[in-house]
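Engineer: One file: input_16.txt (compact mmCIF, C-alpha atoms and all ligand atoms).
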```txt
# COMPACT_ATOMS: atom_id res chain seq x y z
CA MET A 1 149.43 60.27 66.84
CA GLU A 2 148.73 61.41 70.35
CA LYS A 3 147.74 58.52 72.61
CA ARG A 4 145.28 60.01 75.00
CA ASP A 5 143.03 58.92 77.87
CA ALA A 6 140.80 61.88 78.61
CA HIS A 7 138.34 60.58 81.20
CA ILE A 8 140.07 59.70 84.45
CA HIS A 9 138.96 60.04 88.07
CA SER A 10 141.25 60.65 91.02
CA PRO A 11 141.81 60.15 94.75
CA PHE A 12 139.37 63.02 95.28
CA CYS A 13 136.46 60.88 94.01
CA PRO A 14 134.23 59.93 96.96
CA HIS A 15 133.03 56.71 95.29
CA GLY A 16 136.34 55.81 93.65
CA THR A 17 139.50 54.37 95.10
CA LYS A 18 142.21 56.22 96.97
CA ASP A 19 144.82 55.37 94.33
CA SER A 20 147.13 58.37 94.19
CA PHE A 21 147.52 60.75 91.27
CA GLU A 22 151.06 59.42 90.86
CA GLU A 23 149.74 55.87 90.50
CA TYR A 24 147.41 56.98 87.70
CA ILE A 25 150.16 58.96 86.00
CA GLU A 26 152.75 56.17 86.28
CA GLN A 27 150.22 53.76 84.81
CA ALA A 28 149.59 56.14 81.90
CA ILE A 29 153.31 56.47 81.19
CA LYS A 30 153.76 52.70 81.42
CA LYS A 31 150.96 52.17 78.89
CA GLY A 32 152.44 54.69 76.47
CA PHE A 33 149.92 57.51 76.80
CA SER A 34 151.20 60.94 75.85
CA SER A 35 148.28 62.89 77.29
CA ILE A 36 145.78 62.35 80.09
CA THR A 37 142.94 64.41 81.50
CA PHE A 38 141.73 64.13 85.06
CA THR A 39 137.97 64.64 84.93
CA GLU A 40 136.77 64.41 88.52
CA HIS A 41 133.05 64.69 89.25
CA ALA A 42 132.51 68.42 89.81
CA PRO A 43 130.52 69.44 92.88
CA LEU A 44 126.79 69.22 92.32
CA PRO A 45 124.82 72.47 92.50
CA SER A 46 124.37 73.36 96.17
CA SER A 47 120.58 73.44 95.82
CA PHE A 48 120.55 69.94 94.33
CA ASP A 49 120.31 67.09 96.80
CA ASP A 50 122.55 64.20 95.67
CA PRO A 51 120.10 61.31 95.22
CA ALA A 52 122.77 58.59 95.44
CA PRO A 53 122.20 56.56 98.62
CA LEU A 54 125.57 57.54 100.07
CA GLN A 55 125.50 61.05 98.58
CA ASP A 56 128.92 60.34 97.16
CA SER A 57 128.39 61.26 93.50
CA ALA A 58 130.77 64.19 93.38
CA ILE A 59 133.51 66.05 95.21
CA LYS A 60 132.73 68.82 97.66
CA LEU A 61 133.17 72.47 96.79
CA GLU A 62 136.03 72.83 99.27
CA ASP A 63 137.96 70.15 97.38
CA VAL A 64 137.90 72.01 94.08
CA GLU A 65 140.88 74.24 94.72
CA PRO A 66 143.08 71.51 96.26
CA TYR A 67 142.23 69.30 93.25
CA ILE A 68 143.18 71.99 90.75
CA MET A 69 146.36 72.90 92.67
CA GLU A 70 147.47 69.29 92.96
CA ILE A 71 147.15 68.71 89.21
CA LYS A 72 148.95 71.98 88.55
CA ARG A 73 151.87 70.69 90.62
CA LEU A 74 151.85 67.32 88.84
CA LYS A 75 151.77 68.91 85.39
CA GLU A 76 155.06 70.59 86.22
CA GLN A 77 156.57 67.53 87.88
CA TYR A 78 155.83 65.24 84.91
CA LYS A 79 156.14 67.80 82.09
CA ASN A 80 158.97 65.95 80.36
CA LYS A 81 157.15 62.63 80.42
CA ILE A 82 153.47 63.25 79.78
CA THR A 83 150.94 66.02 79.21
CA ILE A 84 148.49 66.25 82.09
CA LYS A 85 145.28 68.21 81.67
CA THR A 86 142.92 69.53 84.31
CA GLY A 87 139.24 68.84 83.84
CA PHE A 88 135.96 68.01 85.44
CA GLU A 89 133.11 65.72 84.59
CA ILE A 90 130.30 68.23 84.91
CA ASP A 91 126.81 66.97 85.56
CA TYR A 92 124.05 68.29 83.38
CA ILE A 93 121.01 68.48 85.62
CA ALA A 94 117.92 69.92 84.00
CA GLY A 95 116.72 73.00 85.88
CA PHE A 96 120.11 73.63 87.52
CA GLU A 97 121.78 75.23 84.51
CA GLU A 98 122.34 78.55 86.22
CA GLU A 99 124.28 77.13 89.15
CA THR A 100 126.25 74.89 86.80
CA GLU A 101 127.20 77.90 84.70
CA GLU A 102 128.24 79.83 87.83
CA PHE A 103 130.60 77.00 88.76
CA LEU A 104 132.02 76.89 85.24
CA ASN A 105 132.48 80.65 85.10
CA LYS A 106 134.39 80.57 88.37
CA TYR A 107 136.68 77.62 87.71
CA GLY A 108 136.63 77.41 83.92
CA PRO A 109 139.77 79.52 83.50
CA HIS A 110 141.73 76.78 85.32
CA LEU A 111 140.37 73.93 83.18
CA ASP A 112 141.89 72.53 79.99
CA ASP A 113 139.43 69.85 78.98
CA SER A 114 136.12 68.78 80.51
CA ILE A 115 133.18 66.48 79.95
CA LEU A 116 129.45 67.12 80.26
CA SER A 117 127.55 64.05 81.46
CA VAL A 118 124.09 63.02 82.55
CA HIS A 119 123.80 60.72 85.58
CA PHE A 120 120.61 62.02 87.20
CA LEU A 121 117.08 61.78 85.85
CA GLN A 122 113.97 63.29 87.29
CA CYS A 123 111.47 60.44 87.36
CA GLN A 124 108.11 61.88 88.40
CA HIS A 125 108.76 63.69 91.69
CA LYS A 126 112.06 62.01 92.38
CA TRP A 127 115.63 62.40 91.16
CA ILE A 128 117.42 59.12 90.51
CA CYS A 129 121.09 58.41 89.91
CA ILE A 130 120.44 55.90 87.16
CA ASP A 131 123.89 54.33 87.01
CA TYR A 132 124.22 53.80 90.75
CA SER A 133 122.87 50.25 90.93
CA PRO A 134 120.35 47.89 89.32
CA ASP A 135 118.04 48.78 92.20
CA THR A 136 118.10 52.50 91.53
CA PHE A 137 117.58 51.76 87.83
CA ALA A 138 114.59 49.57 88.78
CA GLU A 139 113.17 52.45 90.76
CA ALA A 140 113.48 54.68 87.70
CA ILE A 141 111.59 52.04 85.71
CA ARG A 142 108.80 51.95 88.29
CA LEU A 143 108.47 55.71 88.39
CA THR A 144 108.59 56.32 84.62
CA GLY A 145 106.51 53.30 83.64
CA GLY A 146 109.05 51.16 81.78
CA ILE A 147 112.58 50.43 80.64
CA ASP A 148 112.09 52.24 77.34
CA GLU A 149 110.78 55.27 79.19
CA VAL A 150 114.00 55.46 81.22
CA TYR A 151 116.13 55.18 78.08
CA GLN A 152 114.06 57.83 76.32
CA LEU A 153 114.33 60.15 79.29
CA TYR A 154 118.07 59.62 79.36
CA PHE A 155 118.51 60.40 75.65
CA ASP A 156 116.25 63.44 75.99
CA GLN A 157 118.45 64.78 78.80
CA VAL A 158 121.64 64.13 76.84
CA LEU A 159 120.17 66.10 73.93
CA LYS A 160 119.20 68.91 76.30
CA SER A 161 122.70 68.93 77.77
CA ILE A 162 124.16 69.52 74.32
CA GLN A 163 121.72 72.36 73.66
CA ALA A 164 122.05 73.93 77.12
CA GLU A 165 123.45 77.40 77.61
CA LEU A 166 126.20 76.97 80.18
CA GLY A 167 128.40 79.88 79.27
CA PRO A 168 131.84 80.19 77.69
CA PHE A 169 133.39 77.38 79.74
CA LYS A 170 130.81 74.75 78.86
CA PRO A 171 132.60 71.41 78.29
CA LYS A 172 133.19 70.49 74.66
CA ARG A 173 132.86 66.75 75.15
CA VAL A 174 129.66 64.79 75.75
CA GLY A 175 130.06 61.94 78.24
CA HIS A 176 128.89 58.34 77.90
CA ILE A 177 125.74 59.03 75.84
CA THR A 178 124.41 55.49 76.36
CA LEU A 179 124.91 55.21 80.12
CA ALA A 180 121.25 54.11 80.32
CA ALA A 181 122.52 50.76 78.99
CA LYS A 182 124.64 50.06 82.08
CA PHE A 183 122.23 47.38 83.31
CA LYS A 184 120.92 46.31 79.89
CA LYS A 185 121.43 42.59 80.48
CA LYS A 186 119.02 42.81 83.39
CA TYR A 187 116.78 45.53 81.95
CA PRO A 188 116.93 45.27 78.16
CA PRO A 189 115.12 47.98 76.19
CA PHE A 190 112.59 47.01 73.55
CA GLN A 191 113.40 49.83 71.13
CA SER A 192 116.67 50.73 69.45
CA PHE A 193 116.32 54.53 69.92
CA SER A 194 118.17 55.06 66.65
CA ALA A 195 116.29 58.31 65.93
CA SER A 196 117.22 59.80 69.31
CA ILE A 197 120.82 58.69 68.95
CA MET A 198 121.04 60.18 65.47
CA GLU A 199 119.58 63.44 66.77
CA ILE A 200 122.20 63.51 69.53
CA LEU A 201 125.02 62.86 67.08
CA ARG A 202 123.80 65.54 64.68
CA GLU A 203 123.57 68.04 67.51
CA ILE A 204 127.11 67.19 68.67
CA LYS A 205 128.29 67.66 65.10
CA GLU A 206 126.49 70.95 64.67
CA LYS A 207 127.89 72.35 67.90
CA GLY A 208 131.40 71.19 67.05
CA TYR A 209 131.61 69.08 70.19
CA GLU A 210 133.45 65.80 70.83
CA LEU A 211 132.13 62.43 71.92
CA ASP A 212 133.42 60.52 74.93
CA MET A 213 134.30 57.01 73.75
CA ASN A 214 134.01 55.43 77.14
CA THR A 215 135.13 51.86 77.84
CA ALA A 216 133.79 51.66 81.42
CA GLY A 217 130.69 49.78 80.24
CA LEU A 218 132.88 46.88 79.11
CA ARG A 219 133.86 46.37 82.75
CA LYS A 220 130.27 46.32 83.98
CA PRO A 221 128.91 42.76 84.13
CA LEU A 222 125.37 43.79 83.13
CA CYS A 223 126.55 45.90 80.19
CA ARG A 224 129.74 44.64 78.51
CA GLU A 225 129.72 47.27 75.81
CA ILE A 226 131.33 50.61 75.09
CA TYR A 227 129.37 53.81 75.73
CA PRO A 228 128.28 54.25 72.98
CA ASN A 229 128.49 50.88 71.21
CA LEU A 230 130.48 50.20 68.05
CA ASP A 231 127.52 50.74 65.70
CA ILE A 232 126.99 54.23 67.10
CA LEU A 233 130.71 54.94 67.03
CA LYS A 234 130.72 54.07 63.32
CA LEU A 235 127.91 56.56 62.70
CA ALA A 236 129.76 59.21 64.70
CA LYS A 237 132.89 58.59 62.70
CA GLN A 238 130.96 58.91 59.44
CA LEU A 239 129.75 62.28 60.68
CA GLU A 240 133.39 63.15 61.45
CA ILE A 241 132.68 63.84 65.10
CA PRO A 242 135.93 63.84 67.08
CA LEU A 243 135.95 60.70 69.23
CA VAL A 244 137.98 60.92 72.40
CA PHE A 245 138.97 57.84 74.34
CA GLY A 246 138.13 57.73 78.02
CA SER A 247 138.68 54.78 80.33
CA ASP A 248 136.59 56.45 83.05
CA ALA A 249 139.12 54.89 85.43
CA HIS A 250 138.22 55.06 89.10
CA GLN A 251 141.40 53.16 89.98
CA ALA A 252 144.88 53.38 88.50
CA LYS A 253 144.89 49.94 86.92
CA GLU A 254 141.79 50.83 84.84
CA LEU A 255 143.57 53.69 83.09
CA GLY A 256 143.79 52.98 79.37
CA ALA A 257 141.51 49.94 79.68
CA ASP A 258 140.43 48.43 76.36
CA TYR A 259 142.16 51.11 74.32
CA PRO A 260 143.00 48.62 71.51
CA LEU A 261 139.29 48.04 70.89
CA ILE A 262 138.61 51.64 69.97
CA GLN A 263 141.86 52.85 68.47
CA ASP A 264 140.53 52.57 64.92
CA PHE A 265 137.99 55.27 65.76
CA ILE A 266 140.53 57.86 66.80
ZN ZN B 301 132.45 58.21 89.16
ZN ZN B 302 130.12 59.64 84.34
```
Could I get this structure in the form of structure tokens?

Structural biologist:
Amino acid sequence: MEKRDAHIHSPFCPHGTKDSFEEYIEQAIKKGFSSITFTEHAPLPSSFDDPAPLQDSAIKLEDVEPYIMEIKRLKEQYKNKITIKTGFEIDYIAGFEEETEEFLNKYGPHLDDSILSVHFLQCQHKWICIDYSPDTFAEAIRLTGGIDEVYQLYFDQVLKSIQAELGPFKPKRVGHITLAAKFKKKYPPFQSFSASIMEILREIKEKGYELDMNTAGLRKPLCREIYPNLDILKLAKQLEIPLVFGSDAHQAKELGADYPLIQDFI
């Protein structure tokens, strides 16, 4: 079986580390992976103002070609040792579908494997990057009226992302569908949202998409669980949705993190 980590960031990430591509790749080889995908945060639509305090959510448009070219070079350099795929983590931002599709139409032919994720929620008049910090999450709670409201909004956007028309290069994998739980130990929801989660899984199944089985949450002190958690992963497996491991590494040593915990789901 192919051992694969398909959600990895890179030295291009403005909020990640400067660990080199080679450090990530060497780590992958050392840990026995046969395939990896670099999924850097794609540039946000130019008319969308990055709400993260440091405006460092994604790479800049001028970095897209260097990023693609660098991976192309590495694919060749390491071709006898490991399969390297080019991808992006594309943000789904409601109302910005057209610009997102334009980006995908332009660069899609160079991409092997990408992820569609939700990080930004419109809370009343304001866009919030909900996974940025407990403080930004708290602001989302204030604006929407409660913790459950933020969760519901998040699941609604994930569902919309799956249904969105983003053209022929739309990513086939849905990223961290329970990212709203990143600060759950500080802001626990009251509901279980099982109906919304089931709706998301059914929609993924119907579209023939894959689910990002993302272990980054285990490394977050206020979360300590996989996105999505094991109960949801069991449901997804029952539905025969392809589950794809992603460490969501933002530094080389995180590559492959907690793979043993999820390998039964692959
Ligand atoms: Zn990131
Ligand atoms: Zn993400």

Engineer: Please list as a PDB file with C-alpha atoms, in the coordinates of the input every residue within 9 Å of Phe193 of chain A, counting all atoms listed in the file and excluding residues in the same chain fewer than 5 positions away.

Structural biologist:
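Everything below was put into selection-v7.pdb:
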```pdb
ATOM      1  CA  ASP A 148     112.090  52.240  77.340  1.00  0.00           C
ATOM      2  CA  TYR A 151     116.130  55.180  78.080  1.00  0.00           C
ATOM      3  CA  GLN A 152     114.060  57.830  76.320  1.00  0.00           C
ATOM      4  CA  PHE A 155     118.510  60.400  75.650  1.00  0.00           C
ATOM      5  CA  MET A 198     121.040  60.180  65.470  1.00  0.00           C
TER       6      MET A 198
END
```

Engineer: Enumerate as a list in words the residues within 7 Å of ligand ZN 301 (chain B), counting only C-alpha atoms and all ligand atoms.

Structural biologist: His9, Cys13, His15, Gly16, His41, Ser57 and His250 of chain A

Engineer: Convert the current residue selection to file output with C-alpha atoms, as a CSV table (one decimal), in the frame of the given file.

Structural biologist:
```csv
chain,number,residue,atom,x,y,z
A,9,HIS,CA,139.0,60.0,88.1
A,13,CYS,CA,136.5,60.9,94.0
A,15,HIS,CA,133.0,56.7,95.3
A,16,GLY,CA,136.3,55.8,93.6
A,41,HIS,CA,133.0,64.7,89.2
A,57,SER,CA,128.4,61.3,93.5
A,250,HIS,CA,138.2,55.1,89.1
```

Engineer: Let me see if you get this right: every residue at most 12 Å from ligand ZN 302 (chain B), counting only C-alpha atoms and all ligand atoms, written as a PyMOL selection string.

Structural biologist: chain A and resi 7-9+13+15-16+39-42+57-58+88-92+114-120+129-132+173-180+182+212-217+227+246-250

Engineer: Would you save the residues from that selection as a short mmCIF file (atom, residue, chain, number, x, y, z; two decimals), keeping the file's coordinate frame, using C-alpha atoms?

Structural biologist:
```cif
data_model
loop_
_atom_site.label_atom_id
_atom_site.label_comp_id
_atom_site.auth_asym_id
_atom_site.auth_seq_id
_atom_site.Cartn_x
_atom_site.Cartn_y
_atom_site.Cartn_z
CA HIS A 7 138.34 60.58 81.20
CA ILE A 8 140.07 59.70 84.45
CA HIS A 9 138.96 60.04 88.07
CA CYS A 13 136.46 60.88 94.01
CA HIS A 15 133.03 56.71 95.29
CA GLY A 16 136.34 55.81 93.65
CA THR A 39 137.97 64.64 84.93
CA GLU A 40 136.77 64.41 88.52
CA HIS A 41 133.05 64.69 89.25
CA ALA A 42 132.51 68.42 89.81
CA SER A 57 128.39 61.26 93.50
CA ALA A 58 130.77 64.19 93.38
CA PHE A 88 135.96 68.01 85.44
CA GLU A 89 133.11 65.72 84.59
CA ILE A 90 130.30 68.23 84.91
CA ASP A 91 126.81 66.97 85.56
CA TYR A 92 124.05 68.29 83.38
CA SER A 114 136.12 68.78 80.51
CA ILE A 115 133.18 66.48 79.95
CA LEU A 116 129.45 67.12 80.26
CA SER A 117 127.55 64.05 81.46
CA VAL A 118 124.09 63.02 82.55
CA HIS A 119 123.80 60.72 85.58
CA PHE A 120 120.61 62.02 87.20
CA CYS A 129 121.09 58.41 89.91
CA ILE A 130 120.44 55.90 87.16
CA ASP A 131 123.89 54.33 87.01
CA TYR A 132 124.22 53.80 90.75
CA ARG A 173 132.86 66.75 75.15
CA VAL A 174 129.66 64.79 75.75
CA GLY A 175 130.06 61.94 78.24
CA HIS A 176 128.89 58.34 77.90
CA ILE A 177 125.74 59.03 75.84
CA THR A 178 124.41 55.49 76.36
CA LEU A 179 124.91 55.21 80.12
CA ALA A 180 121.25 54.11 80.32
CA LYS A 182 124.64 50.06 82.08
CA ASP A 212 133.42 60.52 74.93
CA MET A 213 134.30 57.01 73.75
CA ASN A 214 134.01 55.43 77.14
CA THR A 215 135.13 51.86 77.84
CA ALA A 216 133.79 51.66 81.42
CA GLY A 217 130.69 49.78 80.24
CA TYR A 227 129.37 53.81 75.73
CA GLY A 246 138.13 57.73 78.02
CA SER A 247 138.68 54.78 80.33
CA ASP A 248 136.59 56.45 83.05
CA ALA A 249 139.12 54.89 85.43
CA HIS A 250 138.22 55.06 89.10
#
```

Engineer: Tell me, as a ChimeraX atom specification, which residues lie within 12 Å of Glu206 of chain A, counting all atoms listed in the file; anything in the same chain fewer than 2 positions away does not count.

Structural biologist: /A:162-163,199-204,208-210,239-241

Engineer: Take the selection from the previous step and output its residues with C-alpha atoms, as a compact mmCIF listing (two decimals), in the coordinates of the input.

Structural biologist:
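Now in part-v2.txt:
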```
# COMPACT_ATOMS: atom_id res chain seq x y z
CA ILE A 162 124.16 69.52 74.32
CA GLN A 163 121.72 72.36 73.66
CA GLU A 199 119.58 63.44 66.77
CA ILE A 200 122.20 63.51 69.53
CA LEU A 201 125.02 62.86 67.08
CA ARG A 202 123.80 65.54 64.68
CA GLU A 203 123.57 68.04 67.51
CA ILE A 204 127.11 67.19 68.67
CA GLY A 208 131.40 71.19 67.05
CA TYR A 209 131.61 69.08 70.19
CA GLU A 210 133.45 65.80 70.83
CA LEU A 239 129.75 62.28 60.68
CA GLU A 240 133.39 63.15 61.45
CA ILE A 241 132.68 63.84 65.10
```

Engineer: Could you state the separation of atom CA of Trp127 of chain A and atom CA of Tyr67 of chain A in Å, given to one decimal place?

Structural biologist: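 Separation of atom CA of Trp127 of chain A and atom CA of Tyr67 of chain A: 27.6 Å.
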
Engineer: When you count all atoms listed in the file, which of these residues is closest to Pro221 of chain A: A:Tyr24, A:Tyr259, A:Phe183, A:Phe33?

Structural biologist: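 Of all the options, A:Phe183 lies closest to Pro221 of chain A.
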
Engineer: As an exercise, work out the distance from atom CA of Leu211 of chain A to atom CA of Lys237 of chain A in Å and give it to one decimal place.

Structural biologist: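 Rounded to one decimal, the two atoms are 10.0 Å apart.
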
Engineer: When you count all atoms listed in the file, which of these residues is closest to Ile84 of chain A: A:Arg4, A:Lys31, A:Lys172, A:Lys186?

Structural biologist: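 Result for the nearest residue to Ile84 of chain A: A:Arg4.
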
Engineer: Can you measure atom CA of Ile266 of chain A to atom CA of Ile232 of chain A for me? One decimal in Å is fine.

Structural biologist: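 Computing the Euclidean distance for atom CA of Ile266 of chain A and atom CA of Ile232 of chain A yields 14.0 Å.
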
Engineer: Find the spatial neighbours of Pro43 of chain A, counting only C-alpha atoms, within a cut-off of 6 Å - ignore same-chain residues fewer than 2 positions away - and output them as a list in words.

Structural biologist: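 Final neighbour list, sorted by chain and number: Ala58, Ile59, Lys60 and Leu61 of chain A.
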